[in-house]
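Engineer: For reference, the file input_11.pdb (PDB, C-alpha atoms) is included below:
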ATOM      1  CA  MET I   1     -16.930  17.365 -85.447
ATOM      2  CA  ARG I   2     -20.250  15.772 -86.356
ATOM      3  CA  ALA I   3     -21.297  14.745 -89.838
ATOM      4  CA  THR I   4     -24.288  13.235 -91.592
ATOM      5  CA  ILE I   5     -23.761  10.102 -93.685
ATOM      6  CA  LEU I   6     -26.343  10.020 -96.478
ATOM      7  CA  PHE I   7     -27.282   6.691 -98.113
ATOM      8  CA  PRO I   8     -29.663   5.620-100.910
ATOM      9  CA  SER I   9     -32.990   4.377 -99.602
ATOM     10  CA  ASP I  10     -34.985   1.333-100.515
ATOM     11  CA  TYR I  11     -37.112   2.390-103.469
ATOM     12  CA  PHE I  12     -40.393   1.239-101.861
ATOM     13  CA  SER I  13     -39.446   2.057 -98.232
ATOM     14  CA  PRO I  14     -38.031   5.594 -98.438
ATOM     15  CA  ARG I  15     -37.090   5.746 -94.738
ATOM     16  CA  ARG I  16     -34.888   2.644 -94.898
ATOM     17  CA  PRO I  17     -31.501   2.145 -96.591
ATOM     18  CA  CYS I  18     -31.326  -0.027 -99.691
ATOM     19  CA  ASP I  19     -30.040  -3.559 -99.098
ATOM     20  CA  ASN I  20     -26.620  -2.811-100.584
ATOM     21  CA  TYR I  21     -25.946  -0.123 -97.990
ATOM     22  CA  ALA I  22     -27.876  -1.511 -95.013
ATOM     23  CA  ALA I  23     -24.733  -2.822 -93.269
ATOM     24  CA  GLU I  24     -22.955   0.527 -93.670
ATOM     25  CA  PHE I  25     -26.041   2.405 -92.448
ATOM     26  CA  GLU I  26     -26.208   0.254 -89.320
ATOM     27  CA  ALA I  27     -22.468   0.585 -88.692
ATOM     28  CA  ALA I  28     -22.443   4.376 -89.070
ATOM     29  CA  SER I  29     -25.473   4.826 -86.819
ATOM     30  CA  ALA I  30     -23.521   3.352 -83.866
ATOM     31  CA  PHE I  31     -21.256   6.415 -83.563
ATOM     32  CA  PRO I  32     -22.498   9.494 -81.674
ATOM     33  CA  ASN I  33     -20.788  11.976 -84.007
ATOM     34  CA  LEU I  34     -22.330  10.389 -87.132
ATOM     35  CA  ASP I  35     -25.945  11.038 -88.082
ATOM     36  CA  VAL I  36     -27.478   8.814 -90.752
ATOM     37  CA  ALA I  37     -30.132   9.607 -93.345
ATOM     38  CA  VAL I  38     -31.456   8.249 -96.645
ATOM     39  CA  PHE I  39     -32.957   9.553 -99.887
ATOM     40  CA  ASN I  40     -34.523   7.929-102.933
ATOM     41  CA  PHE I  41     -31.594   7.827-105.345
ATOM     42  CA  ASP I  42     -33.524   6.480-108.344
ATOM     43  CA  GLU I  43     -36.253   9.108-108.140
ATOM     44  CA  TYR I  44     -33.689  11.850-107.657
ATOM     45  CA  ILE I  45     -31.655  10.842-110.721
ATOM     46  CA  GLU I  46     -34.911  10.802-112.706
ATOM     47  CA  GLY I  47     -35.440  14.469-111.755
ATOM     48  CA  VAL I  48     -37.598  14.351-108.620
ATOM     49  CA  PRO I  49     -36.630  17.071-106.090
ATOM     50  CA  LEU I  50     -34.267  15.953-103.342
ATOM     51  CA  LYS I  51     -36.047  14.864-100.178
ATOM     52  CA  LEU I  52     -34.457  13.123 -97.211
ATOM     53  CA  GLY I  53     -36.196  10.555 -95.053
ATOM     54  CA  THR I  54     -35.203  12.575 -91.955
ATOM     55  CA  PRO I  55     -35.798  16.329 -91.485
ATOM     56  CA  ALA I  56     -32.652  18.167 -92.502
ATOM     57  CA  GLY I  57     -32.795  20.427 -89.456
ATOM     58  CA  SER I  58     -32.236  17.492 -87.114
ATOM     59  CA  LEU I  59     -29.015  16.381 -88.832
ATOM     60  CA  ALA I  60     -25.396  17.527 -88.710
ATOM     61  CA  THR I  61     -24.686  20.065 -91.440
ATOM     62  CA  SER I  62     -21.383  18.529 -92.632
ATOM     63  CA  LEU I  63     -22.355  15.749 -95.008
ATOM     64  CA  ILE I  64     -20.726  12.682 -96.549
ATOM     65  CA  TYR I  65     -22.535  10.740 -99.250
ATOM     66  CA  ARG I  66     -22.145   6.968 -99.448
ATOM     67  CA  GLY I  67     -23.998   5.522-102.398
ATOM     68  CA  TRP I  68     -24.277   4.896-106.109
ATOM     69  CA  MET I  69     -22.173   6.658-108.697
ATOM     70  CA  MET I  70     -23.356   9.847-110.342
ATOM     71  CA  ARG I  71     -22.046  11.577-113.435
ATOM     72  CA  PRO I  72     -20.203  14.801-112.537
ATOM     73  CA  ASP I  73     -23.098  16.923-113.812
ATOM     74  CA  GLN I  74     -25.522  14.941-111.647
ATOM     75  CA  TYR I  75     -23.281  15.336-108.615
ATOM     76  CA  GLU I  76     -23.086  19.087-109.199
ATOM     77  CA  ARG I  77     -26.885  19.258-109.013
ATOM     78  CA  PHE I  78     -26.820  16.991-105.933
ATOM     79  CA  TYR I  79     -24.291  19.243-104.198
ATOM     80  CA  SER I  80     -26.371  22.339-104.970
ATOM     81  CA  ASP I  81     -29.581  20.722-103.730
ATOM     82  CA  LEU I  82     -27.916  19.547-100.509
ATOM     83  CA  SER I  83     -26.566  23.047 -99.957
ATOM     84  CA  GLY I  84     -30.074  24.386-100.465
ATOM     85  CA  LEU I  85     -31.250  22.157 -97.619
ATOM     86  CA  GLY I  86     -28.619  23.654 -95.320
ATOM     87  CA  PHE I  87     -25.919  20.988 -95.609
ATOM     88  CA  GLU I  88     -22.212  21.472 -96.262
ATOM     89  CA  PRO I  89     -21.066  18.439 -98.294
ATOM     90  CA  ILE I  90     -17.369  17.793 -97.628
ATOM     91  CA  THR I  91     -16.717  16.947-101.300
ATOM     92  CA  CYS I  92     -17.229  19.782-103.757
ATOM     93  CA  PRO I  93     -18.145  19.102-107.419
ATOM     94  CA  LYS I  94     -14.588  19.845-108.563
ATOM     95  CA  CYS I  95     -13.118  17.269-106.175
ATOM     96  CA  TYR I  96     -15.762  14.723-107.132
ATOM     97  CA  ARG I  97     -14.995  15.143-110.830
ATOM     98  CA  THR I  98     -11.230  15.022-110.247
ATOM     99  CA  MET I  99     -11.196  11.721-108.379
ATOM    100  CA  HIS I 100     -14.171  10.055-110.083
ATOM    101  CA  CYS I 101     -12.790  10.655-113.578
ATOM    102  CA  PHE I 102      -9.354   9.054-113.808
ATOM    103  CA  PRO I 103      -7.753  11.353-116.434
ATOM    104  CA  TYR I 104      -8.237  14.374-114.162
ATOM    105  CA  ALA I 105      -6.740  12.585-111.155
ATOM    106  CA  ALA I 106      -3.868  11.321-113.290
ATOM    107  CA  GLU I 107      -2.944  14.923-114.141
ATOM    108  CA  GLY I 108      -1.947  15.315-110.490
ATOM    109  CA  LEU I 109       0.482  12.413-110.809
ATOM    110  CA  GLY I 110       2.515  14.150-113.505
ATOM    111  CA  GLY I 111       2.673  11.028-115.685
ATOM    112  CA  ARG I 112       4.052   8.852-112.856
ATOM    113  CA  TYR I 113       2.768   5.721-111.139
ATOM    114  CA  THR I 114       0.141   4.774-113.707
ATOM    115  CA  PRO I 115      -0.014   3.161-117.175
ATOM    116  CA  ARG I 116       0.024   5.484-120.178
ATOM    117  CA  PHE I 117      -3.314   6.688-121.505
ATOM    118  CA  LEU I 118      -4.880   8.957-124.082
ATOM    119  CA  ALA I 119      -8.060  10.860-123.195
ATOM    120  CA  TYR I 120     -10.548  12.228-125.713
ATOM    121  CA  PRO I 121     -13.421  14.410-124.451
ATOM    122  CA  LEU I 122     -16.889  14.085-125.910
ATOM    123  CA  VAL I 123     -17.934  16.864-128.283
ATOM    124  CA  ASP I 124     -21.632  16.749-129.207
ATOM    125  CA  GLY I 125     -21.738  13.090-128.231
ATOM    126  CA  ARG I 126     -18.800  12.102-130.426
ATOM    127  CA  VAL I 127     -15.024  11.776-130.169
ATOM    128  CA  SER I 128     -12.314  12.010-132.781
ATOM    129  CA  ILE I 129      -9.408   9.574-132.280
ATOM    130  CA  ASP I 130      -6.449   9.264-134.638
ATOM    131  CA  ALA I 131      -5.498   5.623-135.190
ATOM    132  CA  GLU I 132      -1.931   6.607-136.069
ATOM    133  CA  GLU I 133      -1.502   8.243-132.659
ATOM    134  CA  VAL I 134      -2.905   5.126-130.988
ATOM    135  CA  ASN I 135      -0.552   2.836-132.917
ATOM    136  CA  ARG I 136       2.436   4.985-131.946
ATOM    137  CA  THR I 137       1.470   4.967-128.272
ATOM    138  CA  PHE I 138       0.370   1.420-127.468
ATOM    139  CA  ALA I 139       1.216  -2.187-128.199
ATOM    140  CA  ARG I 140      -2.052  -3.196-126.501
ATOM    141  CA  PHE I 141      -4.752  -0.998-125.042
ATOM    142  CA  MET I 142      -8.175  -1.057-123.452
ATOM    143  CA  VAL I 143     -11.165   1.226-124.018
ATOM    144  CA  LYS I 144     -12.963   3.020-121.194
ATOM    145  CA  ASP I 145     -14.895   6.177-120.615
ATOM    146  CA  TYR I 146     -13.481   8.549-117.981
ATOM    147  CA  VAL I 147     -14.763   6.188-115.247
ATOM    148  CA  LYS I 148     -15.628   2.671-116.407
ATOM    149  CA  SER I 149     -14.922  -0.051-118.941
ATOM    150  CA  GLU I 150     -17.482  -2.500-120.279
ATOM    151  CA  LYS I 151     -16.708  -5.598-118.209
ATOM    152  CA  ASN I 152     -18.549  -8.903-118.506
ATOM    153  CA  THR I 153     -19.791  -8.104-122.023
ATOM    154  CA  ASP I 154     -18.692  -9.057-125.521
ATOM    155  CA  PHE I 155     -16.651  -5.860-125.791
ATOM    156  CA  PRO I 156     -12.938  -6.785-126.021
ATOM    157  CA  SER I 157     -10.977  -6.383-122.789
ATOM    158  CA  CYS I 158      -7.849  -5.434-124.741
ATOM    159  CA  ILE I 159      -6.987  -4.542-128.342
ATOM    160  CA  ASP I 160      -3.698  -5.120-130.149
ATOM    161  CA  THR I 161      -2.104  -2.599-132.452
ATOM    162  CA  PRO I 162      -1.698  -1.810-135.261
ATOM    163  CA  ILE I 163      -5.358  -0.999-135.752
ATOM    164  CA  THR I 164      -6.934   0.704-138.764
ATOM    165  CA  GLN I 165      -8.923   3.914-138.497
ATOM    166  CA  SER I 166     -12.151   2.163-139.510
ATOM    167  CA  GLU I 167     -11.602  -0.612-136.959
ATOM    168  CA  LEU I 168     -10.956   1.931-134.216
ATOM    169  CA  ASP I 169     -13.984   4.030-135.157
ATOM    170  CA  CYS I 170     -16.229   0.955-135.041
ATOM    171  CA  LEU I 171     -14.904  -0.039-131.621
ATOM    172  CA  VAL I 172     -15.423   3.409-130.163
ATOM    173  CA  GLU I 173     -18.924   3.740-131.632
ATOM    174  CA  LYS I 174     -19.837   0.357-130.152
ATOM    175  CA  PHE I 175     -18.467   1.354-126.754
ATOM    176  CA  ILE I 176     -20.422   4.613-126.741
ATOM    177  CA  ARG I 177     -23.573   2.752-127.706
ATOM    178  CA  MET I 178     -23.083   0.140-124.966
ATOM    179  CA  ARG I 179     -22.431   2.733-122.239
ATOM    180  CA  GLY I 180     -25.534   4.728-123.182
ATOM    181  CA  ASP I 181     -26.604   7.233-120.521
ATOM    182  CA  LEU I 182     -23.792   6.031-118.251
ATOM    183  CA  LEU I 183     -21.117   7.346-120.603
ATOM    184  CA  THR I 184     -19.029   9.870-118.644
ATOM    185  CA  ASP I 185     -17.072  12.799-120.122
ATOM    186  CA  GLY I 186     -15.263  11.034-122.961
ATOM    187  CA  ILE I 187     -13.168   8.087-124.110
ATOM    188  CA  VAL I 188      -9.937   6.888-122.527
ATOM    189  CA  LEU I 189      -7.553   4.515-124.273
ATOM    190  CA  LYS I 190      -5.334   3.001-121.609
ATOM    191  CA  GLU I 191      -2.187   0.928-121.925
ATOM    192  CA  PHE I 192      -2.888  -2.737-121.194
ATOM    193  CA  VAL I 193      -0.413  -3.964-118.574
ATOM    194  CA  ASN I 194       0.217  -7.498-117.344
ATOM    195  CA  LEU I 195      -0.547  -7.947-113.662
ATOM    196  CA  ARG I 196       0.942 -10.545-111.348
ATOM    197  CA  ARG I 197      -1.474 -13.330-110.435
ATOM    198  CA  TYR I 198      -1.773 -15.486-107.342
ATOM    199  CA  GLU I 199      -3.866 -18.622-107.746
ATOM    200  CA  GLY I 200      -5.279 -17.082-110.912
ATOM    201  CA  ARG I 201      -6.224 -13.763-109.271
ATOM    202  CA  THR I 202      -4.631 -10.378-109.877
ATOM    203  CA  ASN I 203      -3.210  -8.622-106.824
ATOM    204  CA  GLU I 204      -5.205  -5.411-106.476
ATOM    205  CA  TRP I 205      -5.680  -3.328-103.329
ATOM    206  CA  ARG I 206      -8.029  -0.422-102.589
ATOM    207  CA  VAL I 207      -7.074   2.399-100.235
ATOM    208  CA  PHE I 208      -9.539   4.934 -98.813
ATOM    209  CA  TYR I 209      -8.036   8.304 -97.932
ATOM    210  CA  PHE I 210      -9.950  10.692 -95.685
ATOM    211  CA  TRP I 211      -9.259  14.170 -94.395
ATOM    212  CA  ASN I 212      -5.777  15.467 -95.177
ATOM    213  CA  TRP I 213      -4.739  12.354 -97.100
ATOM    214  CA  ARG I 214      -5.082  10.100 -94.027
ATOM    215  CA  LYS I 215      -5.220   6.428 -95.008
ATOM    216  CA  ILE I 216      -8.218   4.877 -93.229
ATOM    217  CA  SER I 217      -8.526   1.577 -95.092
ATOM    218  CA  LEU I 218      -6.221  -0.723 -97.055
ATOM    219  CA  ALA I 219      -7.764  -3.977 -98.285
ATOM    220  CA  PRO I 220      -7.418  -6.588-101.045
ATOM    221  CA  ASN I 221      -9.900  -5.924-103.831
ATOM    222  CA  SER I 222      -9.640  -8.744-106.375
ATOM    223  CA  GLY I 223     -10.328 -11.956-104.477
ATOM    224  CA  GLN I 224      -6.633 -12.775-104.253
ATOM    225  CA  PRO I 225      -5.325 -15.223-101.598
ATOM    226  CA  ALA I 226      -4.588 -13.896 -98.118
ATOM    227  CA  ASP I 227      -0.819 -14.254 -98.501
ATOM    228  CA  ALA I 228      -0.598 -11.995-101.588
ATOM    229  CA  PRO I 229       1.644  -9.023-100.706
ATOM    230  CA  ALA I 230       0.276  -5.549-100.082
ATOM    231  CA  PRO I 231       1.811  -2.384-101.586
ATOM    232  CA  LEU I 232       4.690  -0.933 -99.572
ATOM    233  CA  GLU I 233       3.694   1.820 -97.164
ATOM    234  CA  ASP I 234       6.023   4.324 -98.860
ATOM    235  CA  TYR I 235       3.950   3.910-102.012
ATOM    236  CA  LEU I 236       0.639   4.531-100.246
ATOM    237  CA  ARG I 237       1.070   8.143 -99.229
ATOM    238  CA  GLY I 238      -1.767  10.340-100.442
ATOM    239  CA  GLN I 239      -1.061  12.846-103.198
ATOM    240  CA  PRO I 240      -1.222  16.432-101.884
ATOM    241  CA  SER I 241      -1.758  17.639-105.444
ATOM    242  CA  TRP I 242      -5.282  16.200-105.368
ATOM    243  CA  ALA I 243      -6.324  18.203-102.282
ATOM    244  CA  CYS I 244      -9.579  16.231-102.015
ATOM    245  CA  PRO I 245     -11.085  15.202 -98.671
ATOM    246  CA  PHE I 246     -12.324  11.670 -99.427
ATOM    247  CA  TYR I 247     -11.070   9.468-102.242
ATOM    248  CA  THR I 248      -9.826   6.006-103.190
ATOM    249  CA  VAL I 249      -6.843   4.692-105.090
ATOM    250  CA  ASP I 250      -6.627   1.177-106.546
ATOM    251  CA  TYR I 251      -3.106  -0.238-106.669
ATOM    252  CA  ALA I 252      -2.062  -3.357-108.603
ATOM    253  CA  GLU I 253       1.094  -5.442-108.661
ATOM    254  CA  LEU I 254       2.756  -5.791-112.050
ATOM    255  CA  GLU I 255       4.378  -8.993-113.268
ATOM    256  CA  ASP I 256       7.844  -7.686-112.359
ATOM    257  CA  GLY I 257       6.793  -7.064-108.727
ATOM    258  CA  SER I 258       6.496  -3.283-109.033
ATOM    259  CA  TRP I 259       3.222  -1.464-108.408
ATOM    260  CA  THR I 260       0.993   0.797-110.449
ATOM    261  CA  ILE I 261      -2.135   2.868-109.886
ATOM    262  CA  ILE I 262      -4.920   1.467-112.042
ATOM    263  CA  GLU I 263      -7.876   3.548-110.845
ATOM    264  CA  THR I 264      -8.904   6.397-108.595
ATOM    265  CA  GLY I 265     -12.353   7.148-107.247
ATOM    266  CA  ASP I 266     -14.395   9.512-105.169
ATOM    267  CA  GLY I 267     -14.630   7.964-101.703
ATOM    268  CA  GLN I 268     -18.363   8.580-101.556
ATOM    269  CA  VAL I 269     -19.140   6.237-104.463
ATOM    270  CA  SER I 270     -16.311   3.665-104.219
ATOM    271  CA  GLY I 271     -17.424   0.280-102.931
ATOM    272  CA  LEU I 272     -15.968  -1.243 -99.777
ATOM    273  CA  PRO I 273     -13.851  -4.322-100.523
ATOM    274  CA  ASP I 274     -15.268  -7.541 -99.094
ATOM    275  CA  ALA I 275     -12.489  -7.683 -96.497
ATOM    276  CA  VAL I 276     -13.475  -4.325 -94.952
ATOM    277  CA  VAL I 277     -15.720  -4.513 -91.887
ATOM    278  CA  PRO I 278     -18.190  -1.587 -92.037
ATOM    279  CA  LYS I 279     -18.003  -0.985 -88.274
ATOM    280  CA  ASP I 280     -14.204  -0.596 -88.483
ATOM    281  CA  PHE I 281     -14.496   1.673 -91.513
ATOM    282  CA  TYR I 282     -16.902   4.067 -89.823
ATOM    283  CA  GLN I 283     -14.911   3.953 -86.591
ATOM    284  CA  ARG I 284     -11.977   5.397 -88.540
ATOM    285  CA  ILE I 285     -14.170   8.053 -90.148
ATOM    286  CA  SER I 286     -15.561   8.933 -86.722
ATOM    287  CA  ASN I 287     -12.067   9.185 -85.248
ATOM    288  CA  ALA I 288     -10.839  11.355 -88.136
ATOM    289  CA  LEU I 289     -13.778  13.741 -87.701
ATOM    290  CA  GLU I 290     -13.093  14.044 -83.988
ATOM    291  CA  ARG I 291      -9.561  15.214 -84.800
ATOM    292  CA  ALA I 292     -10.684  17.567 -87.568
TER     293      ALA I 292
END
Rewrite the structure of this file - the entire thing - as structure tokens.

Structural biologist:
Amino acid sequence: MRATILFPSDYFSPRRPCDNYAAEFEAASAFPNLDVAVFNFDEYIEGVPLKLGTPAGSLATSLIYRGWMMRPDQYERFYSDLSGLGFEPITCPKCYRTMHCFPYAAEGLGGRYTPRFLAYPLVDGRVSIDAEEVNRTFARFMVKDYVKSEKNTDFPSCIDTPITQSELDCLVEKFIRMRGDLLTDGIVLKEFVNLRRYEGRTNEWRVFYFWNWRKISLAPNSGQPADAPAPLEDYLRGQPSWACPFYTVDYAELEDGSWTIIETGDGQVSGLPDAVVPKDFYQRISNALERA
């Protein structure tokens, strides 16, 4: 099976990949069953019609995107526009939303393997969160939208309970304001858990799953030392309940030595950990497609 790998282009050189994805573009182009192409991501998100740097008719119809995150509504438009050009993206909008937005993926876990959380969808740009419910649920919690937190800012990384309704409302309003147009789907309050550290670094690992839950990459993802243990293989089996073709799961070691799932992601928009060699990554994708 052949497939096209589509990357964001350099803004001023629309036939070349952007610097962040240049190594992946070069790696993917080495495999005969992988075609590579680019498009201007920034212009597209601003509303410009989708246009690839290579004629669509010369490319494989099955398509895998590797690039910047999109909100689910943006990806739905992207999927439709790619289909209109004759492509068959392997990840449908439902699968993208499920794995990109953690609360939806967590539903498939049945409350297992991940810290507790409360999810509140946006209604007309606002959410209603009951402080009493939060105080009953958490000793400490963190605030996110359905995808991201506000790291490396003055927003608190964790909040202790009890918290008053006015304090909680102010925090949530600040978070929504800081996320701006990037705010995705709603607000998630997630139990703050203590992670084991090695030389001051948490022990987090990212797994890419591709095509029938096949694990194609397992790599450290938090700058931890090389001798930090990896999750046990029995814990790394993909979840059939997700039924998505390309996704990531981030695992972290807790202080007691057990493991938890801290994030999921759509494989198209999840970054490669530093330890992953792009050539090896695309070799595994190529091999999986040949067996498809």

Engineer: Leaving out Ile5 of chain I and any residue of its chain fewer than 3 positions from it, which residues lie within 8 Å of it when counting all atoms listed in the file, given as JSON, numbers by chain?

Structural biologist: {"I": [28, 34, 35, 36, 37, 63, 64, 65, 66]}

Engineer: Env of Glu253 of chain I: 6 Å cut, atoms = only C-alpha atoms, seq-sep filter 3 positions within chain, self excluded. Answer as a list of chain:residue names.

Structural biologist: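 Close residues of Glu253 of chain I: I:Leu195, I:Arg196, I:Asn203, I:Gly257, I:Ser258, I:Trp259.
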
Engineer: Hey, can you check how far atom CA of Phe25 of chain I sits from atom CA of Tyr282 of chain I?

Structural biologist: 9.7 Å

Engineer: Once the PyMOL selection byres ((chain I and resi 40) around 6) has been evaluated on this model, what residues remain selected, and can you format them as a PyMOL selection string?

Structural biologist: chain I and resi 8-9+39+41-43

Engineer: Find the residues near Thr264 of chain I: any atom within 10 Å, counting all atoms listed in the file, skip ones fewer than 2 places away on the same chain, and give them as a PyMOL selection string.

Structural biologist: chain I and resi 98-106+147+206-208+247-251+261-262+266-267+270

Engineer: Ranking I:Lys279, I:Arg116, I:Arg71, I:Arg77 by minimum distance to Arg140 of chain I and counting only C-alpha atoms, which one comes first?

Structural biologist: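 Smallest separation from Arg140 of chain I among the options: I:Arg116.
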
Engineer: Please enumerate the residues selected by the PyMOL selection byres ((chain I and resi 159) around 7) when evaluated against the supplied file, formatted as a ChimeraX atom specification.

Structural biologist: /I:140-142,156,158,160-161

Engineer: Quick check, in Å to one decimal: how far apart do atom CA of Ala139 of chain I and atom CA of Glu167 of chain I lie?

Structural biologist: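 For atom CA of Ala139 of chain I relative to atom CA of Glu167 of chain I, the distance reads 15.6 Å.
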
Engineer: Counting only C-alpha atoms, what is within 10 Å of Asn287 of chain I, bar same-chain residues fewer than 4 positions away, as an mmCIF file with C-alpha atoms, in the coordinates of the input?

Structural biologist:
data_model
loop_
_atom_site.group_PDB
_atom_site.id
_atom_site.type_symbol
_atom_site.label_atom_id
_atom_site.label_comp_id
_atom_site.auth_asym_id
_atom_site.auth_seq_id
_atom_site.Cartn_x
_atom_site.Cartn_y
_atom_site.Cartn_z
ATOM 1 C CA MET I 1 -16.930 17.365 -85.447
ATOM 2 C CA PHE I 31 -21.256 6.415 -83.563
ATOM 3 C CA ASN I 33 -20.788 11.976 -84.007
ATOM 4 C CA ILE I 216 -8.218 4.877 -93.229
ATOM 5 C CA TYR I 282 -16.902 4.067 -89.823
ATOM 6 C CA GLN I 283 -14.911 3.953 -86.591
ATOM 7 C CA ARG I 291 -9.561 15.214 -84.800
ATOM 8 C CA ALA I 292 -10.684 17.567 -87.568
#

Engineer: Can you list, as a list of chain:residue names, every protein, DNA or RNA residue that comes within 12 Å of Gly223 of chain I when you count only C-alpha atoms, leaving out same-chain residues fewer than 4 positions away?

Structural biologist: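 Counting only C-alpha atoms, the residues come to I:Arg197, I:Tyr198, I:Glu199, I:Gly200, I:Arg201, I:Thr202, I:Asn203, I:Glu204, I:Trp205, I:Arg206, I:Ala219, I:Asp227, I:Ala228, I:Pro273, I:Asp274, I:Ala275.
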
Engineer: To one decimal in Å, tell me the separation between atom CA of Asp81 of chain I and atom CA of Arg16 of chain I.

Structural biologist: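 For atom CA of Asp81 of chain I relative to atom CA of Arg16 of chain I, the distance reads 20.8 Å.
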
Engineer: From (-23.6, 7.1, -120.9), in the file's coordinates, out to 12 Å: which residues are reached, counting all atoms listed in the file? Answer as a ChimeraX atom specification.

Structural biologist: /I:70-72,122,125-126,144-150,175-187

Engineer: So which one's closest to Leu289 of chain I, I:Pro245, I:Pro49, I:Pro162, I:Pro229? Using only C-alpha atoms, please.

Structural biologist: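 The answer is I:Pro245, which sits nearest to Leu289 of chain I.
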
Engineer: In terms of the shortest atom-to-atom distance over all atoms listed in the file, which of I:Phe87, I:Phe246, I:Tyr79, I:Phe155 is closest to Ala60 of chain I?

Structural biologist: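 Using all atoms listed in the file, the shortest distance to Ala60 of chain I belongs to I:Phe87.
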
Engineer: Pick the closest to Trp213 of chain I from I:Tyr96, I:Phe138, I:Trp242, I:Tyr235: which is it, counting all atoms listed in the file?

Structural biologist: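 Checking each candidate against Trp213 of chain I, we get I:Trp242 as the closest.
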